[in-house]
>>> print(open('upload05.txt').read())   # compact mmCIF, C-alpha atoms
# COMPACT_ATOMS: atom_id res chain seq x y z
CA MET A 1 56.70 65.32 67.39
CA LYS A 2 55.31 68.70 66.41
CA LYS A 3 56.51 68.05 62.90
CA GLN A 4 54.70 64.69 62.85
CA ILE A 5 51.46 66.31 64.04
CA ILE A 6 51.69 68.89 61.24
CA ILE A 7 52.32 66.19 58.65
CA ALA A 8 49.42 64.10 59.98
CA THR A 9 47.12 67.13 59.91
CA LEU A 10 48.15 67.95 56.36
CA ALA A 11 47.64 64.32 55.31
CA LEU A 12 44.17 64.23 56.90
CA GLY A 13 43.33 67.53 55.24
CA ALA A 14 44.50 66.24 51.87
CA PHE A 15 42.44 63.07 52.35
CA VAL A 16 39.29 65.03 53.21
CA ILE A 17 39.80 67.45 50.35
CA GLY A 18 40.52 64.53 48.04
CA THR A 19 37.35 62.77 49.15
CA ASN A 20 35.39 65.95 48.55
CA ASN A 21 36.95 66.24 45.11
CA ILE A 22 35.89 62.69 44.34
CA GLN A 23 32.38 63.50 45.50
CA ALA A 24 32.39 66.64 43.37
CA GLN A 25 33.20 64.56 40.31
CA THR A 26 29.98 62.61 40.60
CA ALA A 27 28.25 62.85 37.21
CA THR A 28 24.72 62.23 36.12
CA THR A 29 23.83 60.48 32.92
CA THR A 30 20.60 60.96 31.07
CA VAL A 31 19.31 57.76 29.61
CA ASN A 32 17.15 58.33 26.58
CA ILE A 33 14.99 55.60 25.18
CA THR A 34 13.79 56.40 21.68
CA LEU A 35 10.89 54.32 20.50
CA ASN A 36 10.01 54.17 16.82
CA ASP A 37 6.97 52.61 15.28
CA VAL A 38 7.79 49.39 13.52
CA ILE A 39 5.93 46.63 11.77
CA SER A 40 7.57 43.37 10.78
CA ILE A 41 6.84 39.99 9.32
CA ASP A 42 8.79 37.02 10.60
CA ALA A 43 10.73 34.96 8.08
CA GLY A 44 8.93 31.88 9.41
CA SER A 45 5.70 33.13 7.87
CA ILE A 46 4.35 31.18 4.93
CA ALA A 47 3.17 34.45 3.41
CA ILE A 48 6.66 35.56 2.45
CA GLY A 49 7.45 33.48 -0.55
CA GLY A 50 5.79 30.25 0.54
CA ALA A 51 3.43 28.10 -1.52
CA VAL A 52 0.10 26.38 -0.85
CA ASP A 53 -0.87 23.61 -3.25
CA PHE A 54 -4.11 21.81 -4.09
CA ASN A 55 -3.79 18.58 -6.02
CA TYR A 56 -6.67 17.13 -8.07
CA ILE A 57 -6.09 13.57 -9.29
CA THR A 58 -9.09 11.36 -8.54
CA ALA A 59 -12.81 11.85 -9.18
CA GLU A 60 -13.24 12.08 -5.41
CA ASP A 61 -10.86 15.03 -5.35
CA TYR A 62 -13.23 16.97 -7.61
CA ASN A 63 -16.29 16.06 -5.53
CA THR A 64 -14.80 16.94 -2.15
CA SER A 65 -14.09 20.23 -0.48
CA LYS A 66 -10.39 20.56 0.09
CA THR A 67 -8.88 22.59 2.90
CA ALA A 68 -5.21 23.32 3.37
CA ILE A 69 -4.58 24.34 6.96
CA VAL A 70 -1.47 26.51 7.04
CA PRO A 71 -0.21 27.24 10.54
CA THR A 72 1.78 30.43 11.11
CA SER A 73 0.79 31.78 7.73
CA LEU A 74 1.68 35.18 9.14
CA ILE A 75 3.85 36.10 12.10
CA VAL A 76 3.64 39.85 12.67
CA THR A 77 5.19 42.19 15.21
CA SER A 78 3.72 45.68 15.34
CA THR A 79 3.97 48.60 17.74
CA LYS A 80 0.60 49.91 16.61
CA ASN A 81 -2.73 48.27 15.88
CA PHE A 82 -2.75 47.02 12.32
CA ASP A 83 -4.80 45.56 9.47
CA VAL A 84 -4.02 42.66 7.16
CA LYS A 85 -5.56 42.66 3.71
CA VAL A 86 -5.29 40.06 1.01
CA LYS A 87 -5.61 40.15 -2.75
CA ALA A 88 -4.74 38.06 -5.78
CA ASP A 89 -2.44 39.63 -8.32
CA GLY A 90 -4.83 38.64 -11.11
CA ALA A 91 -8.39 37.49 -11.69
CA ASN A 92 -7.36 33.90 -12.49
CA PHE A 93 -5.05 31.08 -11.59
CA THR A 94 -3.25 30.65 -14.87
CA ASN A 95 -1.64 27.80 -16.77
CA GLY A 96 -0.54 29.24 -20.07
CA SER A 97 -3.70 30.46 -21.73
CA ASN A 98 -5.94 28.35 -19.47
CA ASN A 99 -7.58 29.98 -16.47
CA ILE A 100 -9.35 29.11 -13.25
CA PRO A 101 -11.02 32.10 -11.54
CA VAL A 102 -9.43 33.01 -8.22
CA ASN A 103 -12.84 33.17 -6.55
CA VAL A 104 -12.79 29.37 -6.20
CA LEU A 105 -10.59 29.93 -3.16
CA ILE A 106 -11.76 30.90 0.32
CA ILE A 107 -9.24 32.15 2.87
CA LYS A 108 -10.15 32.43 6.52
CA ALA A 109 -8.41 32.77 9.84
CA ALA A 110 -8.17 29.44 11.63
CA THR A 111 -8.21 28.90 15.36
CA GLY A 112 -5.10 28.77 17.44
CA GLY A 113 -3.24 31.92 16.42
CA SER A 114 -2.37 34.76 18.76
CA MET A 115 -3.35 37.54 16.33
CA ALA A 116 -6.60 39.10 17.53
CA GLY A 117 -8.78 41.73 15.87
CA THR A 118 -11.81 41.26 13.65
CA GLN A 119 -11.16 38.16 11.56
CA ASN A 120 -12.93 37.64 8.27
CA SER A 121 -13.46 34.84 5.79
CA ILE A 122 -12.93 36.11 2.27
CA VAL A 123 -13.55 34.81 -1.23
CA LEU A 124 -10.33 35.63 -3.06
CA SER A 125 -10.41 38.38 -5.68
CA ASP A 126 -7.97 40.79 -7.24
CA SER A 127 -9.24 43.56 -4.95
CA ASP A 128 -7.96 44.24 -1.46
CA GLN A 129 -10.13 42.55 1.14
CA VAL A 130 -9.86 42.79 4.90
CA LEU A 131 -8.61 39.56 6.44
CA ILE A 132 -7.83 41.00 9.89
CA ALA A 133 -9.13 44.40 10.96
CA ASN A 134 -7.74 46.47 13.84
CA ALA A 135 -5.52 43.72 15.24
CA PRO A 136 -4.07 44.83 18.59
CA LEU A 137 -0.35 45.55 18.62
CA GLY A 138 1.96 42.84 19.87
CA SER A 139 5.09 40.81 19.33
CA ALA A 140 5.32 37.74 17.10
CA LEU A 141 1.56 37.49 16.65
CA THR A 142 0.68 34.36 14.72
CA LEU A 143 -2.13 33.89 12.25
CA ASN A 144 -3.12 30.43 11.07
CA LEU A 145 -5.06 30.32 7.80
CA ASP A 146 -7.41 27.84 6.20
CA TYR A 147 -7.33 27.79 2.39
CA THR A 148 -10.48 26.07 1.09
CA ILE A 149 -11.73 25.16 -2.38
CA PRO A 150 -15.34 24.01 -1.88
CA ALA A 151 -16.69 21.00 -3.78
CA THR A 152 -19.24 23.27 -5.43
CA LYS A 153 -16.34 24.97 -7.20
CA SER A 154 -14.10 21.97 -7.89
CA SER A 155 -16.99 20.00 -9.37
CA SER A 156 -18.08 22.95 -11.51
CA SER A 157 -16.74 24.03 -14.87
CA ASP A 158 -14.54 26.50 -13.03
CA ILE A 159 -12.16 23.59 -12.35
CA LEU A 160 -13.62 20.34 -13.66
CA GLY A 161 -12.74 19.72 -17.29
CA LYS A 162 -9.90 22.25 -17.42
CA PRO A 163 -6.70 21.02 -19.18
CA ALA A 164 -4.30 19.23 -16.85
CA GLY A 165 -1.45 21.26 -15.42
CA THR A 166 -0.53 23.57 -12.60
CA TYR A 167 -2.56 26.74 -12.31
CA THR A 168 -0.78 29.36 -10.27
CA GLN A 169 -1.43 32.81 -8.93
CA THR A 170 0.28 35.10 -6.45
CA VAL A 171 -1.61 36.11 -3.34
CA THR A 172 -0.31 39.19 -1.54
CA TYR A 173 -0.85 39.91 2.14
CA THR A 174 -0.67 43.60 3.04
CA ALA A 175 0.04 44.82 6.56
CA THR A 176 -0.53 48.46 7.44
CA ALA A 177 -0.72 50.34 10.69
CA LEU A 178 -4.26 51.31 11.71
CA MET B 1 29.64 16.46 33.47
CA HIS B 2 26.87 19.01 33.73
CA THR B 3 27.48 21.59 36.39
CA PRO B 4 24.86 24.16 37.36
CA THR B 5 26.98 26.77 35.58
CA SER B 6 27.17 24.83 32.33
CA ASN B 7 23.45 24.10 32.52
CA PHE B 8 22.76 27.80 32.98
CA LEU B 9 25.04 28.70 30.05
CA ALA B 10 23.33 26.14 27.85
CA PHE B 11 19.93 27.49 28.83
CA PHE B 12 21.09 31.08 28.23
CA LEU B 13 22.47 30.21 24.78
CA PHE B 14 19.26 28.34 23.97
CA ILE B 15 17.17 31.39 24.92
CA CYS B 16 19.44 33.78 22.97
CA GLY B 17 19.41 31.49 19.95
CA GLY B 18 15.67 31.15 20.15
CA LEU B 19 15.20 34.89 20.33
CA SER B 20 17.49 35.51 17.38
CA VAL B 21 15.59 32.99 15.27
CA PHE B 22 12.38 34.49 16.54
CA ALA B 23 13.38 37.99 15.47
CA GLN B 24 14.34 37.11 11.90
CA GLY B 25 12.28 38.73 9.23
CA ILE B 26 11.50 41.92 7.38
CA SER B 27 10.61 45.09 9.21
CA MET B 28 9.63 48.64 8.30
CA SER B 29 10.02 51.68 10.55
CA PRO B 30 8.20 53.97 10.99
CA THR B 31 4.75 52.83 9.91
CA ARG B 32 3.50 56.34 9.15
CA LEU B 33 5.22 59.40 7.72
CA PHE B 34 4.00 62.87 8.62
CA PHE B 35 5.28 65.62 6.34
CA THR B 36 4.77 69.30 6.90
CA GLY B 37 5.99 72.39 5.09
CA ASN B 38 4.90 75.33 3.03
CA PRO B 39 3.62 75.15 -0.53
CA GLY B 40 6.53 74.98 -2.98
CA GLU B 41 8.92 73.37 -0.49
CA ILE B 42 10.65 70.02 -0.85
CA VAL B 43 10.78 67.97 2.33
CA THR B 44 12.14 64.51 3.10
CA GLU B 45 11.60 61.78 5.66
CA PRO B 46 13.47 58.49 6.07
CA VAL B 47 11.98 55.03 6.32
CA THR B 48 14.07 52.05 7.33
CA LEU B 49 13.65 48.59 5.87
CA SER B 50 15.50 45.83 7.66
CA ASN B 51 16.07 42.23 6.58
CA THR B 52 17.31 40.14 9.48
CA SER B 53 16.70 36.87 7.68
CA ASP B 54 19.11 34.77 5.62
CA THR B 55 17.12 35.34 2.43
CA ASP B 56 17.44 38.18 -0.08
CA TYR B 57 14.24 40.05 -0.88
CA VAL B 58 13.25 42.48 -3.63
CA PHE B 59 10.46 45.01 -3.19
CA ASN B 60 8.54 47.07 -5.69
CA VAL B 61 7.70 50.62 -4.55
CA ASN B 62 4.27 51.91 -5.51
CA THR B 63 1.59 54.28 -4.26
CA LYS B 64 -2.17 54.25 -3.91
CA ASP B 65 -4.80 56.60 -2.57
CA TRP B 66 -6.95 55.54 0.31
CA GLU B 67 -9.79 56.70 2.46
CA ARG B 68 -11.39 55.27 5.55
CA GLU B 69 -14.99 54.10 5.61
CA GLU B 70 -17.18 54.79 8.64
CA ASP B 71 -16.48 51.33 10.04
CA GLY B 72 -12.76 52.13 10.09
CA ASN B 73 -11.84 50.01 7.06
CA LYS B 74 -9.28 51.51 4.70
CA VAL B 75 -10.26 51.37 1.03
CA TYR B 76 -7.60 51.76 -1.64
CA PHE B 77 -7.92 53.58 -4.95
CA ASP B 78 -5.61 54.23 -7.87
CA ALA B 79 -2.95 56.82 -7.16
CA ASN B 80 -4.03 60.42 -7.69
CA SER B 81 -7.70 59.55 -8.04
CA LEU B 82 -8.97 61.06 -4.80
CA LYS B 83 -9.30 64.78 -4.07
CA GLN B 84 -7.06 64.64 -0.98
CA SER B 85 -4.36 62.56 -2.68
CA ASN B 86 -0.67 63.40 -2.34
CA ALA B 87 0.48 60.30 -4.25
CA THR B 88 2.05 62.36 -7.02
CA TRP B 89 3.90 64.57 -4.54
CA ILE B 90 6.04 61.74 -3.16
CA SER B 91 8.93 59.84 -4.66
CA THR B 92 11.79 57.53 -3.73
CA ILE B 93 15.16 57.30 -5.40
CA ALA B 94 14.34 53.88 -6.88
CA SER B 95 11.17 52.09 -7.91
CA SER B 96 12.47 48.73 -6.69
CA ILE B 97 14.58 47.89 -3.69
CA ASN B 98 16.98 45.01 -3.26
CA LEU B 99 17.22 44.09 0.38
CA PRO B 100 19.94 41.46 0.79
CA ALA B 101 20.01 39.09 3.74
CA ASN B 102 21.04 40.65 7.05
CA THR B 103 21.02 44.25 5.82
CA THR B 104 19.28 47.42 6.82
CA MET B 105 18.48 50.15 4.33
CA GLU B 106 17.33 53.71 4.85
CA ILE B 107 15.09 54.95 2.09
CA ILE B 108 14.49 58.65 1.72
CA VAL B 109 10.94 59.58 0.83
CA THR B 110 10.80 62.99 -0.83
CA MET B 111 7.71 65.14 -0.94
CA LYS B 112 7.49 68.05 -3.36
CA ILE B 113 4.70 70.19 -1.99
CA PRO B 114 3.06 71.89 -4.97
CA ALA B 115 3.13 75.67 -5.02
CA ASP B 116 -0.66 75.67 -5.20
CA ALA B 117 -1.17 73.16 -2.36
CA SER B 118 -3.90 73.99 0.10
CA THR B 119 -2.70 75.72 3.26
CA SER B 120 -5.50 74.19 5.32
CA GLU B 121 -6.30 70.70 4.03
CA ILE B 122 -4.46 67.51 4.94
CA THR B 123 -3.54 65.19 2.08
CA ASN B 124 -2.66 61.50 2.28
CA SER B 125 -1.69 58.40 0.37
CA MET B 126 -0.12 54.99 1.00
CA LEU B 127 3.37 53.98 -0.10
CA PHE B 128 3.69 50.24 -0.60
CA PHE B 129 6.77 48.05 -0.48
CA THR B 130 5.58 44.95 -2.30
CA GLN B 131 7.62 41.75 -2.25
CA ILE B 132 8.48 40.60 -5.75
CA GLY B 133 8.34 36.85 -6.24
CA LYS B 134 11.51 35.11 -7.36
CA GLN B 135 11.94 32.22 -9.75
CA LYS B 136 12.06 29.72 -6.90
CA ASP B 137 8.77 31.02 -5.47
CA ILE B 138 6.76 28.63 -7.60
CA ALA B 139 4.12 26.10 -6.80
CA GLN B 140 5.60 22.76 -5.93
CA GLN B 141 3.27 20.42 -7.74
CA GLN B 142 2.66 19.50 -11.33
CA LYS B 143 -1.15 19.11 -11.41
CA GLY B 144 -3.60 21.27 -9.54
CA ILE B 145 -3.78 24.78 -8.14
CA GLY B 146 -0.79 26.52 -6.60
CA ILE B 147 -0.88 29.66 -4.51
CA ILE B 148 2.29 31.69 -4.11
CA ALA B 149 2.05 33.82 -0.99
CA LEU B 150 3.89 37.15 -0.92
CA PHE B 151 3.87 40.10 1.41
CA GLU B 152 3.81 43.89 1.35
CA PHE B 153 3.99 46.74 3.83
CA GLY B 154 1.85 49.85 3.49
CA LEU B 155 3.38 53.10 4.75
CA HIS B 156 0.95 55.90 5.56
CA VAL B 157 2.02 59.24 4.07
CA TYR B 158 0.37 62.39 5.40
CA TYR B 159 0.95 66.05 4.60
CA THR B 160 -0.18 68.48 7.27
CA PRO B 161 -0.12 72.21 6.43
CA VAL B 162 2.02 74.28 8.78
CA GLY B 163 -0.91 76.12 10.30
CA ASN B 164 -2.90 73.03 11.23
CA ASN B 165 -2.65 72.37 14.96
CA VAL B 166 -6.18 71.73 16.25
CA LYS B 167 -6.66 68.23 17.63
CA SER B 168 -10.28 67.58 18.38
CA LEU B 169 -12.78 64.76 18.23
CA ASP B 170 -16.46 64.88 19.07
CA ILE B 171 -18.90 62.17 20.12
CA VAL B 172 -21.91 62.65 17.87
CA SER B 173 -23.98 59.58 18.70
CA MET B 174 -24.36 56.56 20.99
CA GLU B 175 -26.88 54.02 19.72
CA GLU B 176 -27.81 50.42 20.41
CA LEU B 177 -27.76 48.39 17.22
CA THR B 178 -30.61 45.96 16.79
CA ASP B 179 -29.93 42.86 14.76
CA THR B 180 -32.92 40.52 14.68
CA ALA B 181 -30.80 37.71 13.24
CA SER B 182 -28.46 37.74 16.23
CA THR B 183 -28.84 37.70 20.01
CA THR B 184 -25.60 39.66 20.37
CA LYS B 185 -26.18 43.25 21.42
CA LYS B 186 -23.94 46.03 20.14
CA VAL B 187 -23.58 49.73 20.86
CA ALA B 188 -22.24 52.08 18.21
CA VAL B 189 -20.36 55.23 19.22
CA GLY B 190 -20.30 57.81 16.43
CA ILE B 191 -17.24 60.07 16.37
CA GLU B 192 -16.34 63.06 14.24
CA ASN B 193 -12.90 64.59 13.77
CA ASP B 194 -13.77 68.28 14.02
CA GLY B 195 -10.13 69.37 14.27
CA ASN B 196 -7.68 69.87 11.44
CA MET B 197 -5.09 67.17 12.20
CA VAL B 198 -4.87 63.40 11.98
CA ASN B 199 -6.07 62.21 15.35
CA ASP B 200 -5.23 58.92 17.07
CA ALA B 201 -7.43 58.03 20.00
CA THR B 202 -8.65 55.29 22.27
CA VAL B 203 -12.40 54.89 22.64
CA GLU B 204 -13.69 53.44 25.90
CA LEU B 205 -17.22 52.41 26.79
CA GLU B 206 -18.53 51.39 30.17
CA PHE B 207 -21.96 50.72 31.58
CA THR B 208 -23.33 51.10 35.10
CA ASN B 209 -26.51 49.28 36.09
CA THR B 210 -28.74 52.02 37.46
CA ALA B 211 -30.38 49.61 39.93
CA SER B 212 -27.50 47.50 41.23
CA GLY B 213 -24.50 49.72 40.52
CA GLU B 214 -22.81 46.86 38.63
CA GLU B 215 -20.13 48.18 36.28
CA ILE B 216 -19.19 46.71 32.93
CA LYS B 217 -16.06 47.99 31.21
CA LEU B 218 -15.63 46.96 27.59
CA LYS B 219 -12.30 46.52 25.87
CA PRO B 220 -11.08 49.91 24.52
CA ILE B 221 -10.78 50.31 20.74
CA ASN B 222 -8.06 52.33 19.00
CA ILE B 223 -8.93 54.60 16.10
CA SER B 224 -7.13 56.99 13.76
CA MET B 225 -9.15 59.63 11.93
CA LEU B 226 -8.50 62.20 9.24
CA PRO B 227 -10.02 65.68 9.71
CA GLY B 228 -13.59 66.08 8.59
CA THR B 229 -14.33 62.35 8.71
CA LYS B 230 -16.79 60.34 10.77
CA GLN B 231 -16.31 56.90 12.21
CA VAL B 232 -18.61 54.47 13.98
CA VAL B 233 -16.95 52.34 16.64
CA LEU B 234 -18.80 49.14 17.49
CA PHE B 235 -18.74 47.58 20.94
CA THR B 236 -20.12 44.09 21.49
CA LEU B 237 -21.95 43.81 24.80
CA PRO B 238 -21.68 40.81 27.12
CA GLU B 239 -24.12 37.97 26.51
CA GLY B 240 -27.26 38.19 28.64
CA ILE B 241 -26.96 41.86 29.55
CA SER B 242 -30.35 43.06 30.67
CA GLY B 243 -31.77 46.02 32.58
CA SER B 244 -31.29 49.77 32.72
CA TYR B 245 -27.75 51.03 32.30
CA LEU B 246 -25.98 54.34 32.07
CA GLY B 247 -23.52 54.14 29.20
CA VAL B 248 -20.44 56.38 29.33
CA SER B 249 -18.04 56.68 26.43
CA ILE B 250 -14.64 58.31 26.92
CA ILE B 251 -12.31 59.30 24.09
CA LYS B 252 -8.65 59.71 25.02
CA MET B 253 -6.74 61.51 22.28
CA ALA B 254 -3.06 60.77 21.75
CA GLY B 255 -0.65 63.59 22.47
CA THR B 256 -3.05 65.60 24.60
CA ASN B 257 -4.75 65.32 27.97
CA ASP B 258 -8.08 66.35 26.48
CA LEU B 259 -10.92 63.90 26.94
CA ARG B 260 -14.29 63.67 25.31
CA VAL B 261 -17.10 62.13 27.34
CA GLY B 262 -20.56 61.09 26.21
CA GLU B 263 -23.39 59.63 28.30
CA LYS B 264 -26.64 57.95 27.44
CA ASP B 265 -29.25 55.79 29.21
CA PHE B 266 -29.85 52.34 27.74
CA ASP B 267 -32.55 49.73 28.40
CA PHE B 268 -31.34 46.32 27.29
>>> encode(input="upload05.txt", output="structure tokens")
Amino acid sequence: MKKQIIIATLALGAFVIGTNNIQAQTATTTVNITLNDVISIDAGSIAIGGAVDFNYITAEDYNTSKTAIVPTSLIVTSTKNFDVKVKADGANFTNGSNNIPVNVLIIKAATGGSMAGTQNSIVLSDSDQVLIANAPLGSALTLNLDYTIPATKSSSSDILGKPAGTYTQTVTYTATAL
Amino acid sequence: MHTPTSNFLAFFLFICGGLSVFAQGISMSPTRLFFTGNPGEIVTEPVTLSNTSDTDYVFNVNTKDWEREEDGNKVYFDANSLKQSNATWISTIASSINLPANTTMEIIVTMKIPADASTSEITNSMLFFTQIGKQKDIAQQQKGIGIIALFEFGLHVYYTPVGNNVKSLDIVSMEELTDTASTTKKVAVGIENDGNMVNDATVELEFTNTASGEEIKLKPINISMLPGTKQVVLFTLPEGISGSYLGVSIIKMAGTNDLRVGEKDFDF
């Protein structure tokens, strides 16, 4: 009996010591969250290799303002406030040696997008112009754009009377942190 | 048969799929590079370009100078044309970058600080990653005008001399702007960076009606200013505001608990 009591006492002692050992092994882990600034453009944006086309076939086409409404022209995620500028890569839409000045085109933010900030309407040129100024940071912010060629331009010698063909130019949208 | 579990799984997969589509695109991190070092030293900083889309992209690397106008707008100039330019100090290993689909690339930006660089003045420039159009990026039609839309990121590049560590902004003016062509009232808060570091800050403006105690808090505006520059921050007031108000502007500077507070009485 005495022997059993000693064994039981030893077992209880071992259990308690073991429990304490388990408690002593409790570890703490530091969780670090590292945030880096990032700016991104979603692949669904039109302004990443997309095209916007204006077609002039009938006399009415030349005497009417044409607007191409392009939803989700830009989808931007940014961890800081940002600006969007726009510029043409040349002074003219070109078709071989024939030119149409890029200032026939007006680009402006349309309603319905989630990108805030100061929105401007710009007459396209080969200089950087502010399309969106100080847009608040956010995720997947959408910008819808209206591309307009007014009738005053399409019925003028800027466009009317130019040799038939496709006149093209690259328009670059630049996003920078504030 | 649709069980609650299978419905949940389907919903979960739909959400995950949606998010992964949502996140596809091109990203750049960080958005600003801050170099420091002594004249004559060569220092480097990484920038990460990530293409999570299924399309390959090619970017041209180029630099420009820039300065900020008083309204906060950045204006670009040819590289190495401004006095505070560091465009010729920086380089990357390649002048064009191929970024295949679903890849991430770390690009090392190297700055060679000239031996005769100022030990007190900050320099800056902008490094651009400009998408290069591919053969298929052509207008679709045969007659008319075609616009090919491309994209570029601008990466701020700053050099701060080792000894520069004073962060300070000052409110130099608070004025109501009168525009006879518009009924919208605006208040302009003039701010000067009188420190010697680039300073990010949030500008707040609130009004208290001196008769009724009514408080109007306007949406804060973020700014970033180079040393020695001035900026005018415009706040649009609510339609129909009328009466005597005490205007209080508070500037909260990033990275410090310092505040700047300006007060002025207004009669609208």
>>> residues_around(input="upload05.txt", residues="Val162 of chain B", least_positions_apart="5", cutoff="10 Å", atoms="only C-alpha atoms", output="ChimeraX atom specification")
/B:35-39,119-120
>>> closest_atom_pairs(input="upload05.txt", of="chain A", to="chain B", cutoff="6 Å", atoms="all atoms listed in the file", output="tab-separated table")
residue	atom	partner	partner_atom	distance
A:Asp37	CA	B:Pro30	CA	4.7
A:Val38	CA	B:Ser29	CA	4.4
A:Ile39	CA	B:Met28	CA	5.5
A:Ser40	CA	B:Ser27	CA	3.8
A:Ile41	CA	B:Ile26	CA	5.4
A:Asp42	CA	B:Gly25	CA	4.1
A:Ala43	CA	B:Gly25	CA	4.2
A:Ala47	CA	B:Ala149	CA	4.6
A:Ile48	CA	B:Leu150	CA	4.6
A:Gly49	CA	B:Leu150	CA	5.1
A:Gly50	CA	B:Ala149	CA	5.4
A:Ala51	CA	B:Ile148	CA	4.6
A:Val52	CA	B:Ile147	CA	5.0
A:Asp53	CA	B:Gly146	CA	4.4
A:Phe54	CA	B:Ile145	CA	5.0
A:Asn55	CA	B:Gly144	CA	4.4
A:Tyr56	CA	B:Gly144	CA	5.4
A:Gly165	CA	B:Lys143	CA	4.6
A:Thr166	CA	B:Lys143	CA	4.7
A:Tyr167	CA	B:Ile145	CA	4.8
A:Thr168	CA	B:Gly146	CA	4.6
A:Gln169	CA	B:Ile147	CA	5.5
A:Thr170	CA	B:Ile148	CA	4.6
A:Val171	CA	B:Ala149	CA	4.9
A:Thr172	CA	B:Leu150	CA	4.7
A:Tyr173	CA	B:Phe151	CA	4.8
A:Thr174	CA	B:Glu152	CA	4.8
A:Ala175	CA	B:Phe153	CA	5.2
A:Thr176	CA	B:Gly154	CA	4.8
>>> residues_around(input="upload05.txt", residues="segment 104-118 of chain B", least_positions_apart="6", cutoff="6 Å", atoms="only C-alpha atoms", output="PyMOL selection string")
chain B and resi 39-50+89-92
>>> closest_residue(input="upload05.txt", among="A:Ile57, A:Ala164, A:Leu178, A:Ile122", to="Ser78 of chain A", atoms="all atoms listed in the file")
A:Leu178
>>> residues_near_point(input="upload05.txt", point="(4.5, 40.7, 14.6)", cutoff="9 Å", atoms="all atoms listed in the file", output="ChimeraX atom specification")
/A:39-42,74-79,115,137-142
>>> residues_around(input="upload05.txt", residues="segment 146-162 of chain A", least_positions_apart="3", cutoff="8 Å", atoms="only C-alpha atoms", output="list of chain:residue names")
A:Tyr62, A:Asn63, A:Thr64, A:Ser65, A:Lys66, A:Thr67, A:Ala68, A:Ile69, A:Val70, A:Asn98, A:Ile100, A:Pro101, A:Val104, A:Leu105, A:Ile106, A:Ile107, A:Lys108, A:Ala109, A:Ala110
>>> atom_distance(input="upload05.txt", atom1="atom CA of Gly243 of chain B", atom2="atom CA of Val261 of chain B")
22.4 Å
>>> atom_distance(input="upload05.txt", atom1="atom CA of Leu246 of chain B", atom2="atom CA of Asp71 of chain B")
24.2 Å
>>> atom_distance(input="upload05.txt", atom1="atom CA of Lys85 of chain A", atom2="atom CA of Val102 of chain A")
15.8 Å
>>> closest_residue(input="upload05.txt", among="A:Ser125, A:Ser114, A:Ser45, A:Thr26", to="Asp89 of chain A", atoms="all atoms listed in the file")
A:Ser125
